[in-house]
Amino acid sequence: MASVRFTVTPTKAEDLPGLSDTSPDISSRSTARVRFGSRESVNRSDPLSEASGGLTTSATAAGGGADTPDHSNTDGDGNSKISSVYINNTHGMDDDDFYDRNLALFEEEMDTRPKVSSLLNRLANYTNLTQGAKEHEEAESIGEKKKPGKSPQMGTFMGVYLPCLQNIFGVILFLRLTWVVGSAGVLQGLCIVFICCCCTMLTAISMSAIATNGVVPAGGSYFMISRSLGPEFGGAVGLCFYLGTTFAGAMYILGAIEILLMYIAPDAAIFKAKGLEGEGAAMLNNMRVYGSVCLLLMCLLVFVGVKYVNKLASIFLACVIVSIISIYIGALVSAFKPPNFPVCMLGNRTINGHDLEDNHCGKTILLQIKEPAEREDGNFTFANENSTVGPTLDSSHVPVFVEKTTSLWSRFCQNAELNASCDEYFMHNHFSNIEGIPGLASGIISENLWSSYLSKGDVLEKVSLNSSNVSHPPSTQQPYVFADITTSFTLLVGIFFPSVTGIMAGSNRSGDLKDAQRSIPIGTILAILTTSIVYLTSVVLFGACIDGVVLRDKFGDSVKGNLVVGTLAWPTPWVIVVGSFFSTCGAGLQSLTGAPRLLQAIAKDNIIPFLRVFGHGKANGEPTWALLLTALIAELGILIASLDLVAPILTMFFLMCYLFVNLACALQTLLRTPNWRPRFSYYHWTLSFLGMTICLALMFISSWYYAIVAMVIAGMIYKYIEYHGAEKEWGDGIRGLSLSAARYALLRLEEGPPHTKNWRPQLLVLLKLDEDAHVKSPRLLTFASQLKAGKGLTIVGTVVSGNFLQSYGEALAAEQTLKHLMDKERVKGFCQCIVAQKPREGISHMIQSSGLGGMKPNTVVMGWPHAWRQSEDPQSWKTFINTVRVTTAAHLALLVPKNISLFPSNSEPCTEGYIDVWWIVHDGGMLMLLPFLLRQHKVWRKCGMRIFTVAQMEDNSIQMKKDLATFLYHLRIEAEVEVVEMHDSDISAYTYERTLMMEQRSQMLRQMRLSKSDRDREAQLVKDRNSMLRLTSIGSDDDDDTDGGERDRVVGGGGGNSSEHHRRVQMTWTKEKTSQYRAAHSGCSTPEGFRDMLSIRPDHSNVRRMHTAVKLNEVIVNKSHDARVVLLNMPGPPRNTEGDENYMEFLEVLTEGLERVLLVRGGGSEVITIYS
């Protein structure tokens, strides 16, 4: 007994750089020392008892494996080690092998089951993966040298929190949030923001659970979904996420160009509007041109190097933070000193600030002239309408006033004269100025609480202002601020949602994190909480500080083209304008950097064949081709040219991605997968389902048609991967769900036998392989596929002769052959290969054990033994008859296609002809059901169906035909009916002669086999004369059971049979006994024996059976010689095994002259019913 003492010097995980579940790269860094003190108690008389000692080794993990200690005569402490001189080393065991003497029991399996120390050492040398995930393991296996990478050192704040902030905050906050608040009102705005933030928070919880359940390489959400839900879902959702990220890049570029052309450099527009009607079109064209140029520049920057993008990222993030801080400061300052942004109103309608050419918000102005003689526009003042406020005048001058119309007058009237005819609403209402930013203390929030949705072309109105009740529709020629699109709650949800996406930034960087298991959940959830608070408070601040008409003014036309959120900023609107421009450019660069890598990860997984080219890139791994495709797709988004139209598209793709992240977490939790052990424990399947429900609801709320399109795209990708993609086994949750569903269904099926209405043939197809492991009759599988038409259970089985321990590889090869043939014939099912000493035993075992629970085969399909008469080996037809008996005993149906090579293939449809059914005896209705099932397949679809039945002399054939037609009518089967009368006739000389030939042949073959056995025994006796060994058999081998042997077993029966067998096996042969046995058992091996055989008289029962076969065959050939296939009742084998050869002869006679025959034997249960 040996006692081992372990002294472990503990170290913190943080002290080991890279020691985390996501990146356990502790190669060459582990400083923990393990001290092994070994005391071995041995027999006192053992001369080696003094040799035990202590051993101290320093465990270092370096390179590919652990360093093996030097096996000298002394160990590390100077103590002598046990010398191998005293051990018999006859098996060539070297000293290293002896060193593992404690594991000698397992040494033969070390290649497949390594020592725990080796396994742990291999794990210690694990390195973080780059995107694509799989290749590094393959590279490791072929011995590629890995460069020692730097240890990941990024913490939660820099590695997860800030990247998530940068990705979440974006263009929508600066360009559209004020408009969302103005249209939806503060309450509904809060509702929109809250729903979207709840969606991302619940998704982040699910994502944290998945991300902390093992190593998540770069590839982020795609990797998580594909490994949790399988390659089909992973590929579909991965591509959707890729498209979403790509369209996000387009949206950010459009946002940057909108800021540039609207607020920074309006004069840079290439296309100028020729009127109000063409303003929108000109703007879209400008966006397309500048957006394409910007996209090209960004793609070049990404192509040159991602390091430049990463260096700029911190600058862009600083712009975002500064901009948001300036908004909060501006809101607080507005409580004491509101910024001056007057808004001109006509009645309650908002006037476009760009049209105030002379900065006069009024109909007329009064000009004061100092010198009456000089008509100069010198010293004047103006008044709106009737009030005129002038300067202090010198008493020596009498003021002279002239009333002049403003620039607005000419927009509402036919000309600039005071007596011109003007717009009715213009005449009945007055101009006024209101504060665009009343400030935090103004109480304006009470007006902004409720929604104010507009239709396209509506004028922005302030309800609290008085106006005349003139229902005169405004004209687009008038200088109002119009709504450019129709707004609704659902539209605003779709436009706002992209501003909460970006939560995957942390999980995408898991390879760079010091402790990803801890950083990803904390950093992501804190980032979502921060951004949610910012969004919610921004909604309240915007509603409390900015007037409603300004909020609803998307492009700031009422405040002379200023960015609406910029009007609130402190100290100047330019802080927001410049900051938002750079932040949107940065977000666009991040999207154009991430999207190609995501596509490259999908391509490298090789689940979508046509994407393989995008897995290649530059020598350093940069995805060049993927970047090119990303640029082309982003260009499509830029050609749309409208931020409001692009946003709902990427909303759909992101929502679908988040939906499947939640589904993956919920599935793994509910299925209790053994590998599901996340470190993040604050999750629950109900939260995941709630998140999934919100995602689905938001998809249809924001745009039901976009939702359907996104689902159709994902569905098409799913089906493509399912049919053409590479097979991957990632231990995903869908496989687990399939297992659970299959188990549940099987347990339900176990409750009882299927109802007749639900009966369909569940096939067990028995195939035979030749010496080269090729299938002898592949058309059997073709026939099975035509019969099944893709429905129900199909098991394809074969038997490999031999011993399982020696023939396991051969069985695997046979299984692969069957799978290949099943794929070729498009048969959906399972294959089963059994290794047995005798084929008949293997088939019996397969029939007994195939299937599981209620999903067991109920029909066996096997081929007819070809040339069974000429075959020297009787096993082919004996195995066939044995299989017929086994299927009958198991109450299974049996289908035997004869001349299977003549049956049509799947590419040879029958354009005409009949399927003939010869219904001689009723065996459950199989003969009725099979033609119907065959005609479901395209090969047999155009064939008609004829049913023949046989009437005896005492039967009323006319009534039989009527009854059969009625029966088929109730079965809803269309077929021609014919009753064939078989008259009693004398047994013909042909029948008698045929029977006689059959029996003579059987007798002759039996004697020939016995003679051959005797010759073999004599040779064996000569060989073993001196050794006198006991033989294990007296007759032919067990495979060549003679009829005499069969007869002995039948007659002996029970225990007597076993004792007789035992007695026979244990006999010792001598020359005398041999001669006695030959005299007794080889009566026909002499010429006299053959003469006796020729004088045989046929058995009467055999003559009657042959008569039936001959007569039936005549009738069938006469009626069905032109049929495409003939279905026929298969008679059962004789109870007495002596007549097996005669049975084969009867079947041969019965089907003689028919090209294609399907012999059908029912399983003893009804398979068809007339009831619904």
# chains A, B, ... in the order shown; residues from 1 in each chain; ligands from 1

call {"tool": "select_by_dssp", "arguments": {"residues": "stretch 488-527 of chain A", "states": "helix (DSSP H, G or I)", "output": "number ranges by chain"}}
result
A: 489-500, 505-508, 510-512, 516-527

call {"tool": "residues_around", "arguments": {"residues": "A:Ala313", "least_positions_apart": "4", "cutoff": "8 Å", "atoms": "only C-alpha atoms", "output": "JSON list (two decimals) with all heavy atoms, in the first residue's frame"}}
result
[["chain", "number", "residue", "atom", "x", "y", "z"],
["A", 309, "VAL", "N", -7.86, 51.46, -37.55],
["A", 309, "VAL", "CA", -9.24, 51.58, -37.08],
["A", 309, "VAL", "C", -9.27, 51.51, -35.56],
["A", 309, "VAL", "O", -9.97, 52.28, -34.89],
["A", 309, "VAL", "CB", -10.12, 50.47, -37.70],
["A", 309, "VAL", "CG1", -11.53, 50.55, -37.17],
["A", 309, "VAL", "CG2", -10.09, 50.55, -39.21],
["A", 317, "LEU", "N", -14.79, 57.24, -29.56],
["A", 317, "LEU", "CA", -15.52, 57.03, -28.30],
["A", 317, "LEU", "C", -15.51, 58.30, -27.45],
["A", 317, "LEU", "O", -16.53, 58.66, -26.84],
["A", 317, "LEU", "CB", -14.88, 55.87, -27.53],
["A", 317, "LEU", "CG", -15.52, 55.54, -26.18],
["A", 317, "LEU", "CD1", -16.98, 55.14, -26.35],
["A", 317, "LEU", "CD2", -14.75, 54.43, -25.48],
["A", 586, "GLY", "N", -16.89, 56.52, -36.91],
["A", 586, "GLY", "CA", -16.23, 55.44, -36.17],
["A", 586, "GLY", "C", -17.07, 54.19, -36.11],
["A", 586, "GLY", "O", -16.56, 53.07, -36.27]]

call {"tool": "residues_around", "arguments": {"residues": "A:Asn662", "least_positions_apart": "4", "cutoff": "9 Å", "atoms": "only C-alpha atoms", "output": "JSON list (two decimals) with C-alpha atoms, in the first residue's frame"}}
result
[["chain", "number", "residue", "atom", "x", "y", "z"],
["A", 202, "LEU", "CA", -32.74, 39.86, -21.50],
["A", 203, "THR", "CA", -30.65, 38.92, -24.52],
["A", 204, "ALA", "CA", -27.50, 39.98, -22.67],
["A", 205, "ILE", "CA", -28.43, 37.71, -19.76],
["A", 206, "SER", "CA", -28.88, 34.77, -22.12],
["A", 207, "MET", "CA", -25.71, 35.70, -23.98],
["A", 657, "CYS", "CA", -30.14, 37.12, -34.05],
["A", 658, "TYR", "CA", -31.18, 38.08, -30.50],
["A", 666, "ALA", "CA", -33.70, 28.49, -23.04],
["A", 667, "LEU", "CA", -33.21, 25.20, -24.88],
["A", 685, "TRP", "CA", -35.30, 29.85, -19.00],
["A", 687, "LEU", "CA", -36.24, 35.18, -18.90],
["A", 688, "SER", "CA", -34.89, 33.72, -22.13],
["A", 689, "PHE", "CA", -38.39, 32.91, -23.36],
["A", 690, "LEU", "CA", -39.57, 36.40, -22.40],
["A", 691, "GLY", "CA", -36.66, 37.90, -24.36],
["A", 692, "MET", "CA", -37.45, 35.66, -27.32]]

call {"tool": "residues_around", "arguments": {"residues": "A:Ser901", "least_positions_apart": "3", "cutoff": "12 Å", "atoms": "only C-alpha atoms", "output": "ChimeraX atom specification"}}
result
/A:776-783,863-864,866,897-898,904-905,1155-1157

call {"tool": "write_last_selection", "arguments": {"atoms": "all heavy atoms", "output": "compact mmCIF listing (two decimals), in the first residue's frame"}}
result
# COMPACT_ATOMS: atom_id res chain seq x y z
N LYS A 776 -25.10 -6.44 -53.73
CA LYS A 776 -25.42 -7.28 -54.88
C LYS A 776 -26.67 -6.81 -55.61
O LYS A 776 -26.75 -6.89 -56.83
CB LYS A 776 -25.59 -8.73 -54.41
CG LYS A 776 -24.28 -9.46 -54.15
CD LYS A 776 -24.51 -10.94 -53.94
CE LYS A 776 -23.17 -11.68 -53.80
NZ LYS A 776 -23.36 -13.12 -53.59
N SER A 777 -27.67 -6.37 -54.88
CA SER A 777 -28.94 -5.96 -55.51
C SER A 777 -29.32 -4.55 -55.06
O SER A 777 -30.20 -4.38 -54.21
CB SER A 777 -30.06 -6.94 -55.15
OG SER A 777 -29.73 -8.24 -55.55
N PRO A 778 -28.65 -3.52 -55.61
CA PRO A 778 -28.98 -2.15 -55.18
C PRO A 778 -30.40 -1.73 -55.55
O PRO A 778 -30.95 -0.82 -54.93
CB PRO A 778 -27.93 -1.30 -55.91
CG PRO A 778 -27.44 -2.14 -57.05
CD PRO A 778 -27.57 -3.55 -56.61
N ARG A 779 -31.01 -2.42 -56.53
CA ARG A 779 -32.37 -2.04 -56.92
C ARG A 779 -33.38 -2.31 -55.80
O ARG A 779 -34.48 -1.77 -55.82
CB ARG A 779 -32.79 -2.81 -58.17
CG ARG A 779 -32.22 -2.25 -59.46
CD ARG A 779 -32.89 -0.92 -59.82
NE ARG A 779 -32.19 -0.24 -60.89
CZ ARG A 779 -32.44 -0.40 -62.17
NH1 ARG A 779 -33.38 -1.26 -62.54
NH2 ARG A 779 -31.77 0.27 -63.08
N LEU A 780 -33.01 -3.18 -54.85
CA LEU A 780 -33.89 -3.40 -53.69
C LEU A 780 -34.11 -2.09 -52.95
O LEU A 780 -35.22 -1.79 -52.51
CB LEU A 780 -33.27 -4.43 -52.74
CG LEU A 780 -33.66 -5.89 -52.90
CD1 LEU A 780 -32.92 -6.74 -51.90
CD2 LEU A 780 -35.16 -6.06 -52.73
N LEU A 781 -33.03 -1.32 -52.82
CA LEU A 781 -33.14 -0.03 -52.14
C LEU A 781 -33.93 0.97 -52.97
O LEU A 781 -34.68 1.79 -52.42
CB LEU A 781 -31.74 0.50 -51.84
CG LEU A 781 -31.58 1.37 -50.60
CD1 LEU A 781 -32.13 0.68 -49.38
CD2 LEU A 781 -30.12 1.71 -50.38
N THR A 782 -33.76 0.89 -54.29
CA THR A 782 -34.56 1.75 -55.18
C THR A 782 -36.04 1.45 -55.01
O THR A 782 -36.87 2.36 -54.88
CB THR A 782 -34.15 1.52 -56.65
OG1 THR A 782 -32.74 1.63 -56.76
CG2 THR A 782 -34.84 2.50 -57.56
N PHE A 783 -36.37 0.17 -54.99
CA PHE A 783 -37.77 -0.24 -54.80
C PHE A 783 -38.30 0.23 -53.45
O PHE A 783 -39.42 0.72 -53.33
CB PHE A 783 -37.88 -1.76 -54.92
CG PHE A 783 -39.24 -2.29 -54.56
CD1 PHE A 783 -40.32 -2.12 -55.42
CD2 PHE A 783 -39.44 -2.96 -53.37
CE1 PHE A 783 -41.58 -2.59 -55.08
CE2 PHE A 783 -40.69 -3.44 -53.02
CZ PHE A 783 -41.77 -3.25 -53.88
N GLY A 863 -34.36 -10.01 -51.18
CA GLY A 863 -34.27 -10.42 -52.58
C GLY A 863 -34.50 -11.91 -52.76
O GLY A 863 -34.35 -12.71 -51.82
N TRP A 864 -34.85 -12.27 -53.96
CA TRP A 864 -35.03 -13.68 -54.32
C TRP A 864 -33.65 -14.30 -54.57
O TRP A 864 -32.81 -13.69 -55.23
CB TRP A 864 -35.90 -13.78 -55.57
CG TRP A 864 -36.08 -15.16 -56.10
CD1 TRP A 864 -35.38 -15.75 -57.11
CD2 TRP A 864 -37.02 -16.14 -55.66
NE1 TRP A 864 -35.82 -17.02 -57.32
CE2 TRP A 864 -36.84 -17.29 -56.44
CE3 TRP A 864 -38.01 -16.15 -54.67
CZ2 TRP A 864 -37.58 -18.44 -56.28
CZ3 TRP A 864 -38.77 -17.29 -54.51
CH2 TRP A 864 -38.55 -18.43 -55.29
N HIS A 866 -31.04 -15.87 -56.45
CA HIS A 866 -30.87 -16.14 -57.87
C HIS A 866 -30.19 -17.48 -58.09
O HIS A 866 -29.30 -17.88 -57.35
CB HIS A 866 -30.03 -15.03 -58.52
CG HIS A 866 -30.73 -13.72 -58.54
ND1 HIS A 866 -31.82 -13.46 -59.34
CD2 HIS A 866 -30.52 -12.57 -57.82
CE1 HIS A 866 -32.24 -12.23 -59.14
NE2 HIS A 866 -31.47 -11.67 -58.21
N PRO A 897 -39.30 -9.09 -54.00
CA PRO A 897 -39.31 -8.78 -55.43
C PRO A 897 -38.47 -9.81 -56.19
O PRO A 897 -37.31 -10.03 -55.85
CB PRO A 897 -38.69 -7.38 -55.52
CG PRO A 897 -38.47 -6.94 -54.11
CD PRO A 897 -38.46 -8.15 -53.26
N LYS A 898 -39.06 -10.42 -57.21
CA LYS A 898 -38.34 -11.38 -58.04
C LYS A 898 -37.94 -10.69 -59.33
O LYS A 898 -38.70 -9.90 -59.87
CB LYS A 898 -39.23 -12.59 -58.32
CG LYS A 898 -38.49 -13.79 -58.87
CD LYS A 898 -39.33 -15.05 -58.78
CE LYS A 898 -38.56 -16.23 -59.36
NZ LYS A 898 -39.09 -16.68 -60.61
N PRO A 904 -37.96 -0.84 -62.51
CA PRO A 904 -37.51 0.49 -63.00
C PRO A 904 -36.75 1.25 -61.93
O PRO A 904 -37.04 1.13 -60.74
CB PRO A 904 -38.83 1.19 -63.35
CG PRO A 904 -39.86 0.52 -62.52
CD PRO A 904 -39.44 -0.90 -62.36
N SER A 905 -35.77 2.03 -62.37
CA SER A 905 -35.05 2.91 -61.44
C SER A 905 -35.85 4.19 -61.25
O SER A 905 -36.87 4.41 -61.90
CB SER A 905 -33.66 3.22 -61.99
OG SER A 905 -33.76 4.03 -63.15
N GLU A 1155 -42.27 -11.20 -65.83
CA GLU A 1155 -41.06 -10.38 -65.87
C GLU A 1155 -40.72 -9.79 -64.50
O GLU A 1155 -39.60 -9.90 -64.02
CB GLU A 1155 -41.23 -9.26 -66.90
CG GLU A 1155 -39.93 -8.55 -67.22
CD GLU A 1155 -40.13 -7.51 -68.31
OE1 GLU A 1155 -41.24 -6.96 -68.39
OE2 GLU A 1155 -39.19 -7.26 -69.07
N ARG A 1156 -41.71 -9.15 -63.88
CA ARG A 1156 -41.48 -8.51 -62.58
C ARG A 1156 -42.57 -8.98 -61.63
O ARG A 1156 -43.77 -8.75 -61.88
CB ARG A 1156 -41.50 -6.99 -62.69
CG ARG A 1156 -40.27 -6.41 -63.34
CD ARG A 1156 -40.35 -4.89 -63.39
NE ARG A 1156 -41.26 -4.44 -64.42
CZ ARG A 1156 -40.90 -4.11 -65.66
NH1 ARG A 1156 -39.63 -4.19 -66.00
NH2 ARG A 1156 -41.78 -3.71 -66.54
N VAL A 1157 -42.19 -9.59 -60.54
CA VAL A 1157 -43.14 -10.14 -59.58
C VAL A 1157 -42.78 -9.64 -58.19
O VAL A 1157 -41.59 -9.57 -57.84
CB VAL A 1157 -43.13 -11.69 -59.58
CG1 VAL A 1157 -44.17 -12.24 -58.63
CG2 VAL A 1157 -43.37 -12.22 -60.98

call {"tool": "atom_distance", "arguments": {"atom1": "atom CA of A:Phe582", "atom2": "atom CA of A:Leu260"}}
result
10.4 Å

call {"tool": "atom_distance", "arguments": {"atom1": "atom CA of A:Met822", "atom2": "atom CA of A:Lys788"}}
result
13.0 Å

call {"tool": "residues_around", "arguments": {"residues": "A:Cys413", "least_positions_apart": "6", "cutoff": "7 Å", "atoms": "only C-alpha atoms", "output": "CSV table (one decimal) with C-alpha atoms, in the first residue's frame"}}
result
chain,number,residue,atom,x,y,z
A,420,ALA,CA,-52.6,91.2,-53.7
A,421,SER,CA,-54.9,88.2,-53.3
A,422,CYS,CA,-53.5,85.9,-50.6
A,423,ASP,CA,-53.9,82.5,-49.1

call {"tool": "residues_around", "arguments": {"residues": "A:Ser467", "least_positions_apart": "5", "cutoff": "10 Å", "atoms": "only C-alpha atoms", "output": "compact mmCIF listing (two decimals) with N, CA, C and O atoms, in the first residue's frame"}}
result
# COMPACT_ATOMS: atom_id res chain seq x y z
N LEU A 346 -47.10 80.66 -38.03
CA LEU A 346 -48.26 81.33 -38.64
C LEU A 346 -49.48 80.63 -38.07
O LEU A 346 -49.77 79.48 -38.43
N GLY A 347 -50.18 81.35 -37.19
CA GLY A 347 -51.25 80.69 -36.46
C GLY A 347 -50.61 79.62 -35.58
O GLY A 347 -49.80 79.92 -34.71
N ASN A 348 -50.98 78.36 -35.81
CA ASN A 348 -50.30 77.28 -35.08
C ASN A 348 -49.42 76.44 -35.99
O ASN A 348 -49.02 75.35 -35.64
N ARG A 349 -49.18 76.95 -37.20
CA ARG A 349 -48.36 76.22 -38.16
C ARG A 349 -46.91 76.72 -38.13
O ARG A 349 -46.68 77.94 -38.02
N TYR A 425 -55.77 81.03 -45.24
CA TYR A 425 -55.24 80.80 -43.88
C TYR A 425 -54.25 81.90 -43.52
O TYR A 425 -54.22 82.37 -42.39
N HIS A 428 -56.18 85.02 -42.37
CA HIS A 428 -56.93 84.93 -41.11
C HIS A 428 -56.05 84.70 -39.89
O HIS A 428 -56.56 84.63 -38.77
N ASN A 429 -54.75 84.51 -40.06
CA ASN A 429 -53.89 84.22 -38.91
C ASN A 429 -52.71 85.16 -38.89
O ASN A 429 -52.33 85.76 -39.90
N HIS A 430 -52.14 85.27 -37.70
CA HIS A 430 -51.02 86.17 -37.47
C HIS A 430 -49.73 85.38 -37.28
O HIS A 430 -49.75 84.23 -36.85
N LYS A 462 -48.54 73.52 -33.61
CA LYS A 462 -48.48 73.60 -32.15
C LYS A 462 -49.91 73.79 -31.66
O LYS A 462 -50.53 74.83 -31.88

call {"tool": "residues_around", "arguments": {"residues": "A:Asn562", "least_positions_apart": "4", "cutoff": "9 Å", "atoms": "only C-alpha atoms", "output": "list in words"}}
result
Met262, Tyr263, Phe555, Gly556, Asp557, Ser558, Gly566, Thr567 and Pro573 of chain A
